[in-house]
$ cat entry_8.pdb   # PDB, C-alpha atoms, pLDDT in the B column
ATOM      1  CA  MET A 819       8.832 -20.124   7.854  1.00 42.00           C
ATOM      2  CA  ASP A 820       8.067 -21.722   4.487  1.00 50.00           C
ATOM      3  CA  ASN A 821       5.468 -20.419   2.021  1.00 54.00           C
ATOM      4  CA  ALA A 822       3.035 -23.245   2.828  1.00 55.00           C
ATOM      5  CA  GLY A 823       2.865 -22.118   6.458  1.00 52.00           C
ATOM      6  CA  MET A 824       2.417 -18.465   5.543  1.00 55.00           C
ATOM      7  CA  LYS A 825      -0.368 -19.304   3.094  1.00 64.00           C
ATOM      8  CA  LYS A 826      -2.332 -20.562   6.073  1.00 76.00           C
ATOM      9  CA  GLY A 827      -2.582 -17.050   7.429  1.00 88.00           C
ATOM     10  CA  ILE A 828      -1.825 -14.815  10.352  1.00 90.00           C
ATOM     11  CA  VAL A 829      -3.235 -16.348  13.529  1.00 91.00           C
ATOM     12  CA  LEU A 830      -5.030 -14.028  15.940  1.00 92.00           C
ATOM     13  CA  LYS A 831      -5.153 -15.433  19.477  1.00 93.00           C
ATOM     14  CA  ASP A 832      -8.467 -16.127  21.173  1.00 92.00           C
ATOM     15  CA  ASP A 833      -7.893 -13.359  23.713  1.00 93.00           C
ATOM     16  CA  TRP A 834      -6.918 -10.675  21.149  1.00 91.00           C
ATOM     17  CA  PRO A 835      -9.228  -7.727  21.959  1.00 92.00           C
ATOM     18  CA  GLY A 836      -8.461  -5.657  18.873  1.00 93.00           C
ATOM     19  CA  TYR A 837      -7.482  -1.983  18.834  1.00 94.00           C
ATOM     20  CA  SER A 838      -9.174   0.920  20.563  1.00 94.00           C
ATOM     21  CA  LEU A 839     -11.683   2.713  18.352  1.00 93.00           C
ATOM     22  CA  ASP A 840      -9.974   6.000  19.268  1.00 93.00           C
ATOM     23  CA  LEU A 841      -6.988   5.030  17.101  1.00 94.00           C
ATOM     24  CA  PHE A 842      -8.943   4.829  13.820  1.00 93.00           C
ATOM     25  CA  THR A 843     -11.490   6.615  11.703  1.00 91.00           C
ATOM     26  CA  TYR A 844     -14.774   4.919  10.866  1.00 90.00           C
ATOM     27  CA  PRO A 845     -18.323   6.042  10.046  1.00 89.00           C
ATOM     28  CA  GLU A 846     -19.541   7.972  13.088  1.00 89.00           C
ATOM     29  CA  HIS A 847     -23.011   6.411  12.921  1.00 90.00           C
ATOM     30  CA  TYR A 848     -21.412   3.123  14.131  1.00 90.00           C
ATOM     31  CA  HIS A 849     -19.898   4.764  17.241  1.00 87.00           C
ATOM     32  CA  GLU A 850     -21.763   2.596  19.767  1.00 91.00           C
ATOM     33  CA  ASP A 851     -22.182  -0.375  17.457  1.00 93.00           C
ATOM     34  CA  ILE A 852     -18.641  -1.732  17.319  1.00 93.00           C
ATOM     35  CA  GLU A 853     -16.372  -2.711  20.228  1.00 93.00           C
ATOM     36  CA  SER A 854     -12.968  -2.513  18.586  1.00 93.00           C
ATOM     37  CA  VAL A 855     -11.072  -2.481  15.323  1.00 94.00           C
ATOM     38  CA  TYR A 856     -10.133  -6.138  15.066  1.00 94.00           C
ATOM     39  CA  ILE A 857      -7.977  -5.952  11.935  1.00 94.00           C
ATOM     40  CA  PRO A 858      -7.139  -2.488  10.539  1.00 96.00           C
ATOM     41  CA  HIS A 859      -7.640  -1.808   6.843  1.00 95.00           C
ATOM     42  CA  GLY A 860      -3.929  -1.314   6.169  1.00 95.00           C
ATOM     43  CA  ILE A 861      -3.082  -4.745   7.556  1.00 95.00           C
ATOM     44  CA  ILE A 862      -5.898  -6.316   5.525  1.00 95.00           C
ATOM     45  CA  THR A 863      -4.620  -4.638   2.365  1.00 96.00           C
ATOM     46  CA  ASN A 864      -1.035  -5.727   2.980  1.00 96.00           C
ATOM     47  CA  ARG A 865      -2.083  -9.328   3.658  1.00 95.00           C
ATOM     48  CA  VAL A 866      -4.267  -9.423   0.510  1.00 95.00           C
ATOM     49  CA  GLU A 867      -1.282  -8.199  -1.514  1.00 95.00           C
ATOM     50  CA  ARG A 868       0.826 -11.014  -0.018  1.00 95.00           C
ATOM     51  CA  LEU A 869      -1.833 -13.581  -0.955  1.00 94.00           C
ATOM     52  CA  ALA A 870      -1.704 -12.251  -4.526  1.00 93.00           C
ATOM     53  CA  HIS A 871       2.033 -13.038  -4.593  1.00 93.00           C
ATOM     54  CA  TYR A 872       1.354 -16.630  -3.467  1.00 93.00           C
ATOM     55  CA  ILE A 873      -1.352 -17.013  -6.097  1.00 92.00           C
ATOM     56  CA  MET A 874       0.911 -15.674  -8.852  1.00 90.00           C
ATOM     57  CA  ASP A 875       3.572 -18.210  -7.837  1.00 90.00           C
ATOM     58  CA  ASP A 876       1.113 -21.130  -7.749  1.00 89.00           C
ATOM     59  CA  PHE A 877      -0.535 -20.229 -11.048  1.00 87.00           C
ATOM     60  CA  ALA A 878       2.770 -19.461 -12.816  1.00 84.00           C
ATOM     61  CA  ASP A 879       2.203 -22.212 -15.411  1.00 84.00           C
ATOM     62  CA  ASN A 880      -1.200 -20.798 -16.367  1.00 82.00           C
ATOM     63  CA  LYS A 881      -1.923 -17.967 -18.771  1.00 81.00           C
ATOM     64  CA  ASN A 882      -5.350 -17.272 -17.314  1.00 83.00           C
ATOM     65  CA  ILE A 883      -7.537 -18.102 -14.337  1.00 85.00           C
ATOM     66  CA  MET A 884     -11.200 -17.844 -13.547  1.00 85.00           C
ATOM     67  CA  VAL A 885     -11.819 -16.070 -10.239  1.00 89.00           C
ATOM     68  CA  LEU A 886     -15.094 -17.187  -8.680  1.00 86.00           C
ATOM     69  CA  CYS A 887     -16.330 -14.655  -6.133  1.00 83.00           C
ATOM     70  CA  VAL A 888     -18.732 -15.723  -3.393  1.00 79.00           C
ATOM     71  CA  LEU A 889     -21.120 -12.814  -2.823  1.00 75.00           C
ATOM     72  CA  LYS A 890     -21.987 -10.599  -1.025  1.00 78.00           C
ATOM     73  CA  GLY A 891     -19.368 -10.485   1.698  1.00 77.00           C
ATOM     74  CA  GLY A 892     -16.540 -11.584  -0.586  1.00 80.00           C
ATOM     75  CA  TYR A 893     -16.788  -8.810  -3.157  1.00 85.00           C
ATOM     76  CA  LYS A 894     -14.322  -6.389  -1.493  1.00 89.00           C
ATOM     77  CA  PHE A 895     -11.734  -9.105  -0.833  1.00 91.00           C
ATOM     78  CA  CYS A 896     -12.147 -10.423  -4.374  1.00 90.00           C
ATOM     79  CA  SER A 897     -11.869  -6.975  -5.926  1.00 92.00           C
ATOM     80  CA  ASP A 898      -8.712  -6.105  -3.986  1.00 95.00           C
ATOM     81  CA  LEU A 899      -7.123  -9.515  -4.605  1.00 94.00           C
ATOM     82  CA  VAL A 900      -7.746  -9.391  -8.366  1.00 92.00           C
ATOM     83  CA  GLU A 901      -6.390  -5.844  -8.538  1.00 93.00           C
ATOM     84  CA  PHE A 902      -3.164  -6.901  -6.789  1.00 94.00           C
ATOM     85  CA  ILE A 903      -2.816  -9.878  -9.163  1.00 91.00           C
ATOM     86  CA  LYS A 904      -3.177  -7.524 -12.129  1.00 90.00           C
ATOM     87  CA  VAL A 905      -0.633  -5.051 -10.740  1.00 91.00           C
ATOM     88  CA  LEU A 906       1.879  -7.826 -10.058  1.00 90.00           C
ATOM     89  CA  GLY A 907       1.391  -9.171 -13.581  1.00 86.00           C
ATOM     90  CA  ARG A 908       1.842  -5.766 -15.202  1.00 86.00           C
ATOM     91  CA  ASN A 909       5.077  -5.253 -13.289  1.00 85.00           C
ATOM     92  CA  SER A 910       6.613  -8.613 -14.215  1.00 84.00           C
ATOM     93  CA  ASN A 911       6.987 -10.958 -17.159  1.00 80.00           C
ATOM     94  CA  GLN A 912       4.351 -13.244 -15.631  1.00 81.00           C
ATOM     95  CA  TYR A 913       1.024 -11.702 -16.626  1.00 80.00           C
ATOM     96  CA  LEU A 914      -1.949 -13.774 -15.486  1.00 81.00           C
ATOM     97  CA  GLU A 915      -5.223 -12.915 -17.193  1.00 83.00           C
ATOM     98  CA  THR A 916      -7.964 -12.906 -14.574  1.00 85.00           C
ATOM     99  CA  ARG A 917     -11.645 -13.254 -15.323  1.00 84.00           C
ATOM    100  CA  VAL A 918     -14.161 -12.793 -12.550  1.00 85.00           C
ATOM    101  CA  GLU A 919     -17.242 -14.952 -12.933  1.00 78.00           C
ATOM    102  CA  PHE A 920     -20.142 -16.092 -10.858  1.00 68.00           C
ATOM    103  CA  ILE A 921     -20.410 -19.861 -11.487  1.00 59.00           C
ATOM    104  CA  ARG A 922     -20.240 -19.997 -15.310  1.00 52.00           C
ATOM    105  CA  LEU A 923     -17.062 -22.022 -15.873  1.00 53.00           C
ATOM    106  CA  LYS A 924     -15.176 -23.648 -18.730  1.00 61.00           C
ATOM    107  CA  SER A 925     -13.246 -26.846 -18.200  1.00 61.00           C
ATOM    108  CA  TYR A 926      -9.924 -25.661 -19.614  1.00 58.00           C
ATOM    109  CA  LEU A 927      -9.565 -22.899 -17.031  1.00 74.00           C
ATOM    110  CA  SER A 928      -7.934 -22.862 -13.627  1.00 83.00           C
ATOM    111  CA  VAL A 929     -10.261 -21.573 -10.916  1.00 88.00           C
ATOM    112  CA  LEU A 930      -9.625 -19.433  -7.867  1.00 91.00           C
ATOM    113  CA  ILE A 931     -12.596 -19.323  -5.482  1.00 90.00           C
ATOM    114  CA  VAL A 932     -12.572 -16.222  -3.274  1.00 89.00           C
ATOM    115  CA  GLU A 933     -14.560 -16.221  -0.025  1.00 88.00           C
ATOM    116  CA  ALA A 934     -14.528 -13.685   2.810  1.00 89.00           C
ATOM    117  CA  ILE A 935     -15.147 -16.114   5.713  1.00 89.00           C
ATOM    118  CA  VAL A 936     -14.666 -19.865   5.857  1.00 87.00           C
ATOM    119  CA  ASP A 937     -15.756 -21.609   9.045  1.00 85.00           C
ATOM    120  CA  THR A 938     -17.215 -25.126   8.996  1.00 82.00           C
ATOM    121  CA  GLY A 939     -16.840 -25.227   5.207  1.00 81.00           C
ATOM    122  CA  LYS A 940     -20.323 -26.545   4.476  1.00 84.00           C
ATOM    123  CA  THR A 941     -20.961 -23.928   1.774  1.00 84.00           C
ATOM    124  CA  MET A 942     -17.437 -24.210   0.373  1.00 86.00           C
ATOM    125  CA  LYS A 943     -17.682 -28.011   0.095  1.00 88.00           C
ATOM    126  CA  ALA A 944     -20.906 -27.692  -1.892  1.00 87.00           C
ATOM    127  CA  LEU A 945     -19.379 -25.027  -4.127  1.00 87.00           C
ATOM    128  CA  LEU A 946     -16.210 -27.080  -4.720  1.00 90.00           C
ATOM    129  CA  LYS A 947     -18.325 -30.094  -5.637  1.00 90.00           C
ATOM    130  CA  HIS A 948     -20.215 -27.973  -8.174  1.00 87.00           C
ATOM    131  CA  VAL A 949     -17.029 -26.446  -9.613  1.00 87.00           C
ATOM    132  CA  GLU A 950     -15.413 -29.893 -10.017  1.00 87.00           C
ATOM    133  CA  THR A 951     -18.244 -30.932 -12.363  1.00 86.00           C
ATOM    134  CA  PHE A 952     -16.746 -28.493 -14.896  1.00 81.00           C
ATOM    135  CA  GLU A 953     -13.412 -30.357 -14.699  1.00 85.00           C
ATOM    136  CA  PRO A 954     -11.209 -27.284 -14.326  1.00 85.00           C
ATOM    137  CA  LYS A 955      -7.462 -27.564 -14.817  1.00 84.00           C
ATOM    138  CA  MET A 956      -6.824 -26.493 -11.194  1.00 88.00           C
ATOM    139  CA  VAL A 957      -8.947 -25.256  -8.278  1.00 91.00           C
ATOM    140  CA  LYS A 958      -7.661 -23.165  -5.357  1.00 92.00           C
ATOM    141  CA  VAL A 959      -9.538 -21.417  -2.538  1.00 92.00           C
ATOM    142  CA  ALA A 960      -8.625 -18.049  -0.986  1.00 92.00           C
ATOM    143  CA  GLY A 961     -10.284 -17.072   2.275  1.00 91.00           C
ATOM    144  CA  LEU A 962      -9.742 -13.721   3.935  1.00 92.00           C
ATOM    145  CA  LEU A 963     -10.791 -15.134   7.305  1.00 92.00           C
ATOM    146  CA  VAL A 964     -10.844 -18.695   8.596  1.00 90.00           C
ATOM    147  CA  LYS A 965     -12.699 -18.986  11.893  1.00 89.00           C
ATOM    148  CA  ARG A 966     -11.633 -21.413  14.609  1.00 87.00           C
ATOM    149  CA  VAL A 967     -14.883 -23.264  15.174  1.00 83.00           C
ATOM    150  CA  PRO A 968     -15.726 -26.912  15.865  1.00 78.00           C
ATOM    151  CA  ASN A 969     -15.305 -28.859  12.609  1.00 74.00           C
ATOM    152  CA  MET A 970     -13.200 -26.014  11.198  1.00 70.00           C
ATOM    153  CA  ALA A 971     -12.656 -26.257   7.438  1.00 62.00           C
ATOM    154  CA  GLU A 972      -9.006 -25.164   7.486  1.00 63.00           C
ATOM    155  CA  SER A 973      -7.970 -27.805   4.943  1.00 78.00           C
ATOM    156  CA  LEU A 974     -10.309 -26.365   2.294  1.00 84.00           C
ATOM    157  CA  THR A 975      -8.394 -23.113   1.938  1.00 88.00           C
ATOM    158  CA  ASP A 976      -5.155 -22.790   0.012  1.00 91.00           C
ATOM    159  CA  TYR A 977      -4.625 -19.118   0.870  1.00 91.00           C
ATOM    160  CA  VAL A 978      -5.679 -17.606   4.200  1.00 92.00           C
ATOM    161  CA  GLY A 979      -5.488 -13.963   5.171  1.00 94.00           C
ATOM    162  CA  PHE A 980      -6.167 -14.382   8.873  1.00 94.00           C
ATOM    163  CA  GLU A 981      -7.169 -17.220  11.194  1.00 92.00           C
ATOM    164  CA  ILE A 982      -9.409 -15.784  13.900  1.00 93.00           C
ATOM    165  CA  PRO A 983     -11.383 -16.964  16.935  1.00 92.00           C
ATOM    166  CA  ASN A 984     -15.113 -17.451  16.559  1.00 90.00           C
ATOM    167  CA  HIS A 985     -15.971 -13.733  16.859  1.00 89.00           C
ATOM    168  CA  PHE A 986     -18.680 -11.996  14.877  1.00 90.00           C
ATOM    169  CA  VAL A 987     -16.767  -9.517  12.726  1.00 93.00           C
ATOM    170  CA  VAL A 988     -18.152  -6.837  10.437  1.00 93.00           C
ATOM    171  CA  GLY A 989     -16.662  -4.409   7.932  1.00 92.00           C
ATOM    172  CA  TYR A 990     -14.581  -4.760   4.757  1.00 91.00           C
ATOM    173  CA  ALA A 991     -17.894  -5.721   3.062  1.00 89.00           C
ATOM    174  CA  LEU A 992     -18.938  -8.160   5.819  1.00 90.00           C
ATOM    175  CA  ASP A 993     -22.313  -7.280   7.247  1.00 90.00           C
ATOM    176  CA  TYR A 994     -24.768  -7.788  10.049  1.00 93.00           C
ATOM    177  CA  ASN A 995     -28.240  -7.681   8.509  1.00 93.00           C
ATOM    178  CA  GLU A 996     -26.897  -5.594   5.600  1.00 89.00           C
ATOM    179  CA  HIS A 997     -25.217  -3.016   7.882  1.00 92.00           C
ATOM    180  CA  PHE A 998     -21.486  -2.309   8.364  1.00 92.00           C
ATOM    181  CA  ARG A 999     -20.391  -3.145   4.791  1.00 88.00           C
ATOM    182  CA  ASP A1000     -19.109   0.436   4.532  1.00 88.00           C
ATOM    183  CA  LEU A1001     -16.479  -0.002   7.271  1.00 90.00           C
ATOM    184  CA  ASN A1002     -12.923  -0.270   5.908  1.00 91.00           C
ATOM    185  CA  HIS A1003     -11.621  -2.150   8.956  1.00 93.00           C
ATOM    186  CA  LEU A1004     -12.736  -5.518  10.271  1.00 93.00           C
ATOM    187  CA  CYS A1005     -14.423  -4.804  13.620  1.00 93.00           C
ATOM    188  CA  ILE A1006     -16.130  -6.727  16.380  1.00 93.00           C
ATOM    189  CA  ILE A1007     -19.789  -5.798  16.616  1.00 93.00           C
ATOM    190  CA  SER A1008     -20.954  -4.631  20.054  1.00 93.00           C
ATOM    191  CA  LYS A1009     -24.040  -5.842  21.926  1.00 93.00           C
ATOM    192  CA  THR A1010     -25.573  -2.431  21.216  1.00 94.00           C
ATOM    193  CA  GLY A1011     -24.914  -2.902  17.490  1.00 93.00           C
ATOM    194  CA  LYS A1012     -26.460  -6.371  17.495  1.00 94.00           C
ATOM    195  CA  MET A1013     -29.584  -5.075  19.214  1.00 94.00           C
ATOM    196  CA  LYS A1014     -29.826  -1.956  17.050  1.00 94.00           C
ATOM    197  CA  TYR A1015     -29.619  -3.839  13.747  1.00 93.00           C
ATOM    198  CA  LYS A1016     -31.291  -7.146  14.553  1.00 92.00           C
ATOM    199  CA  VAL A1017     -34.136  -8.119  12.297  1.00 88.00           C
TER     200      VAL A1017
END

$ encode --input "entry_8.pdb" --output "structure tokens"
Amino acid sequence: MDNAGMKKGIVLKDDWPGYSLDLFTYPEHYHEDIESVYIPHGIITNRVERLAHYIMDDFADNKNIMVLCVLKGGYKFCSDLVEFIKVLGRNSNQYLETRVEFIRLKSYLSVLIVEAIVDTGKTMKALLKHVETFEPKMVKVAGLLVKRVPNMAESLTDYVGFEIPNHFVVGYALDYNEHFRDLNHLCIISKTGKMKYKV
């Protein structure tokens, strides 16, 4: 498969149930609140490292990039992705200076927007429109998860970690009413968890 296809992510089938909770460690206070480990932390980490390789290849003609992190859910993905980019640069002759910012942009820079979940793309479209007003040299979007939903915004993302069904996932900094950010794995929230933490 070519790089373009792999940049679009690992596709999880609609009927993928995830892994049994008995196979992994997670904070015990979430015992009844999650159904399964949907994507284990090790797989997430490996996929993020792979995305860093793609980004290094695509930004090879640049000396620096601005990484725009979409908070709050994107902070863990952004942090891990930037760290992998730095490690790859230190171990090659292709160092790419990365600056993480939150909207303040300069027109001469290339921009990498990092988002945890992209679904319909409404937020991403608005953000891209705003970023384009700064006339950056190049703009790319990295999404850890792209959800298969009606009007899916698949074409907005240049780098995709995983394409998933329209499940409500938590963990790896993704939350449900500010809970579950401390999970390392991406998990499917249970009905008990939704009831327990609903506002």

$ atom_distance --input "entry_8.pdb" --atom1 "atom CA of A:Thr941" --atom2 "atom CA of A:Val1017"
23.1 Å

$ resolve_selection --input "entry_8.pdb" --expression "the PyMOL selection byres ((chain A and resi 883) around 8)" --output "number ranges by chain"
A: 880-882, 884-885, 914-917, 927-930

$ atom_distance --input "entry_8.pdb" --atom1 "atom CA of A:Gly989" --atom2 "atom CA of A:Asn1002"
5.9 Å

$ resolve_selection --input "entry_8.pdb" --expression "the PyMOL selection byres ((chain A and resi 854) around 10)" --output "number ranges by chain"
A: 835-842, 851-853, 855-858, 987, 1003-1008

$ closest_residue --input "entry_8.pdb" --among "A:Leu886, A:Cys896, A:Ala991, A:Ile873" --to "A:Asp976" --atoms "all atoms listed in the file"
A:Ile873

$ build_atoms --input "entry_8.pdb" --residues "stretch 926-962 of chain A" --atoms "N, CA and C atoms" --output "short mmCIF file (atom, residue, chain, number, x, y, z; two decimals), in the frame of the given file"
data_model
loop_
_atom_site.label_atom_id
_atom_site.label_comp_id
_atom_site.auth_asym_id
_atom_site.auth_seq_id
_atom_site.Cartn_x
_atom_site.Cartn_y
_atom_site.Cartn_z
N TYR A 926 -11.35 -25.84 -19.38
CA TYR A 926 -9.92 -25.66 -19.61
C TYR A 926 -9.29 -24.65 -18.67
N LEU A 927 -10.09 -23.95 -17.89
CA LEU A 927 -9.56 -22.90 -17.03
C LEU A 927 -9.15 -23.42 -15.66
N SER A 928 -8.24 -22.67 -15.04
CA SER A 928 -7.93 -22.86 -13.63
C SER A 928 -8.85 -21.92 -12.86
N VAL A 929 -9.26 -22.33 -11.67
CA VAL A 929 -10.26 -21.57 -10.92
C VAL A 929 -9.72 -21.19 -9.55
N LEU A 930 -9.93 -19.93 -9.19
CA LEU A 930 -9.62 -19.43 -7.87
C LEU A 930 -10.95 -19.00 -7.24
N ILE A 931 -11.36 -19.68 -6.19
CA ILE A 931 -12.60 -19.32 -5.48
C ILE A 931 -12.21 -18.38 -4.35
N VAL A 932 -12.88 -17.24 -4.27
CA VAL A 932 -12.57 -16.22 -3.27
C VAL A 932 -13.76 -16.07 -2.34
N GLU A 933 -13.52 -16.29 -1.05
CA GLU A 933 -14.56 -16.22 -0.02
C GLU A 933 -14.06 -15.37 1.14
N ALA A 934 -14.93 -14.56 1.71
CA ALA A 934 -14.53 -13.68 2.81
C ALA A 934 -14.30 -14.48 4.09
N ILE A 935 -15.26 -15.34 4.47
CA ILE A 935 -15.15 -16.11 5.71
C ILE A 935 -15.39 -17.59 5.42
N VAL A 936 -14.49 -18.41 5.92
CA VAL A 936 -14.67 -19.86 5.86
C VAL A 936 -14.67 -20.35 7.30
N ASP A 937 -15.73 -21.07 7.69
CA ASP A 937 -15.76 -21.61 9.04
C ASP A 937 -15.88 -23.12 9.00
N THR A 938 -17.08 -23.67 9.05
CA THR A 938 -17.22 -25.13 9.00
C THR A 938 -16.97 -25.67 7.60
N GLY A 939 -17.12 -24.82 6.58
CA GLY A 939 -16.84 -25.23 5.21
C GLY A 939 -18.00 -25.88 4.49
N LYS A 940 -19.16 -25.90 5.10
CA LYS A 940 -20.32 -26.54 4.48
C LYS A 940 -20.64 -25.93 3.11
N THR A 941 -20.68 -24.61 3.04
CA THR A 941 -20.96 -23.93 1.77
C THR A 941 -19.83 -24.15 0.78
N MET A 942 -18.59 -24.05 1.26
CA MET A 942 -17.44 -24.21 0.37
C MET A 942 -17.38 -25.62 -0.21
N LYS A 943 -17.69 -26.63 0.60
CA LYS A 943 -17.68 -28.01 0.10
C LYS A 943 -18.69 -28.17 -1.04
N ALA A 944 -19.88 -27.60 -0.85
CA ALA A 944 -20.91 -27.69 -1.89
C ALA A 944 -20.46 -26.96 -3.15
N LEU A 945 -19.85 -25.80 -2.98
CA LEU A 945 -19.38 -25.03 -4.13
C LEU A 945 -18.25 -25.76 -4.85
N LEU A 946 -17.30 -26.32 -4.10
CA LEU A 946 -16.21 -27.08 -4.72
C LEU A 946 -16.73 -28.28 -5.50
N LYS A 947 -17.72 -28.95 -4.95
CA LYS A 947 -18.32 -30.09 -5.64
C LYS A 947 -18.93 -29.65 -6.96
N HIS A 948 -19.61 -28.51 -6.95
CA HIS A 948 -20.22 -27.97 -8.17
C HIS A 948 -19.13 -27.58 -9.19
N VAL A 949 -18.10 -26.90 -8.73
CA VAL A 949 -17.03 -26.45 -9.61
C VAL A 949 -16.32 -27.64 -10.25
N GLU A 950 -16.10 -28.70 -9.50
CA GLU A 950 -15.41 -29.89 -10.02
C GLU A 950 -16.17 -30.54 -11.18
N THR A 951 -17.48 -30.35 -11.25
CA THR A 951 -18.24 -30.93 -12.36
C THR A 951 -17.84 -30.32 -13.70
N PHE A 952 -17.22 -29.15 -13.67
CA PHE A 952 -16.75 -28.49 -14.90
C PHE A 952 -15.34 -28.94 -15.29
N GLU A 953 -14.74 -29.80 -14.47
CA GLU A 953 -13.41 -30.36 -14.70
C GLU A 953 -12.37 -29.28 -15.00
N PRO A 954 -12.22 -28.32 -14.10
CA PRO A 954 -11.21 -27.28 -14.33
C PRO A 954 -9.80 -27.86 -14.23
N LYS A 955 -8.87 -27.16 -14.82
CA LYS A 955 -7.46 -27.56 -14.82
C LYS A 955 -6.91 -27.60 -13.38
N MET A 956 -7.28 -26.60 -12.58
CA MET A 956 -6.82 -26.49 -11.19
C MET A 956 -7.85 -25.69 -10.42
N VAL A 957 -8.04 -26.01 -9.15
CA VAL A 957 -8.95 -25.26 -8.28
C VAL A 957 -8.20 -24.91 -6.99
N LYS A 958 -8.25 -23.64 -6.61
CA LYS A 958 -7.66 -23.16 -5.36
C LYS A 958 -8.69 -22.29 -4.66
N VAL A 959 -8.60 -22.21 -3.33
CA VAL A 959 -9.54 -21.42 -2.54
C VAL A 959 -8.76 -20.40 -1.72
N ALA A 960 -9.19 -19.13 -1.80
CA ALA A 960 -8.62 -18.05 -0.99
C ALA A 960 -9.70 -17.57 -0.02
N GLY A 961 -9.37 -17.57 1.25
CA GLY A 961 -10.28 -17.07 2.28
C GLY A 961 -9.63 -15.95 3.05
N LEU A 962 -10.30 -14.81 3.15
CA LEU A 962 -9.74 -13.72 3.94
C LEU A 962 -9.66 -14.13 5.40
#
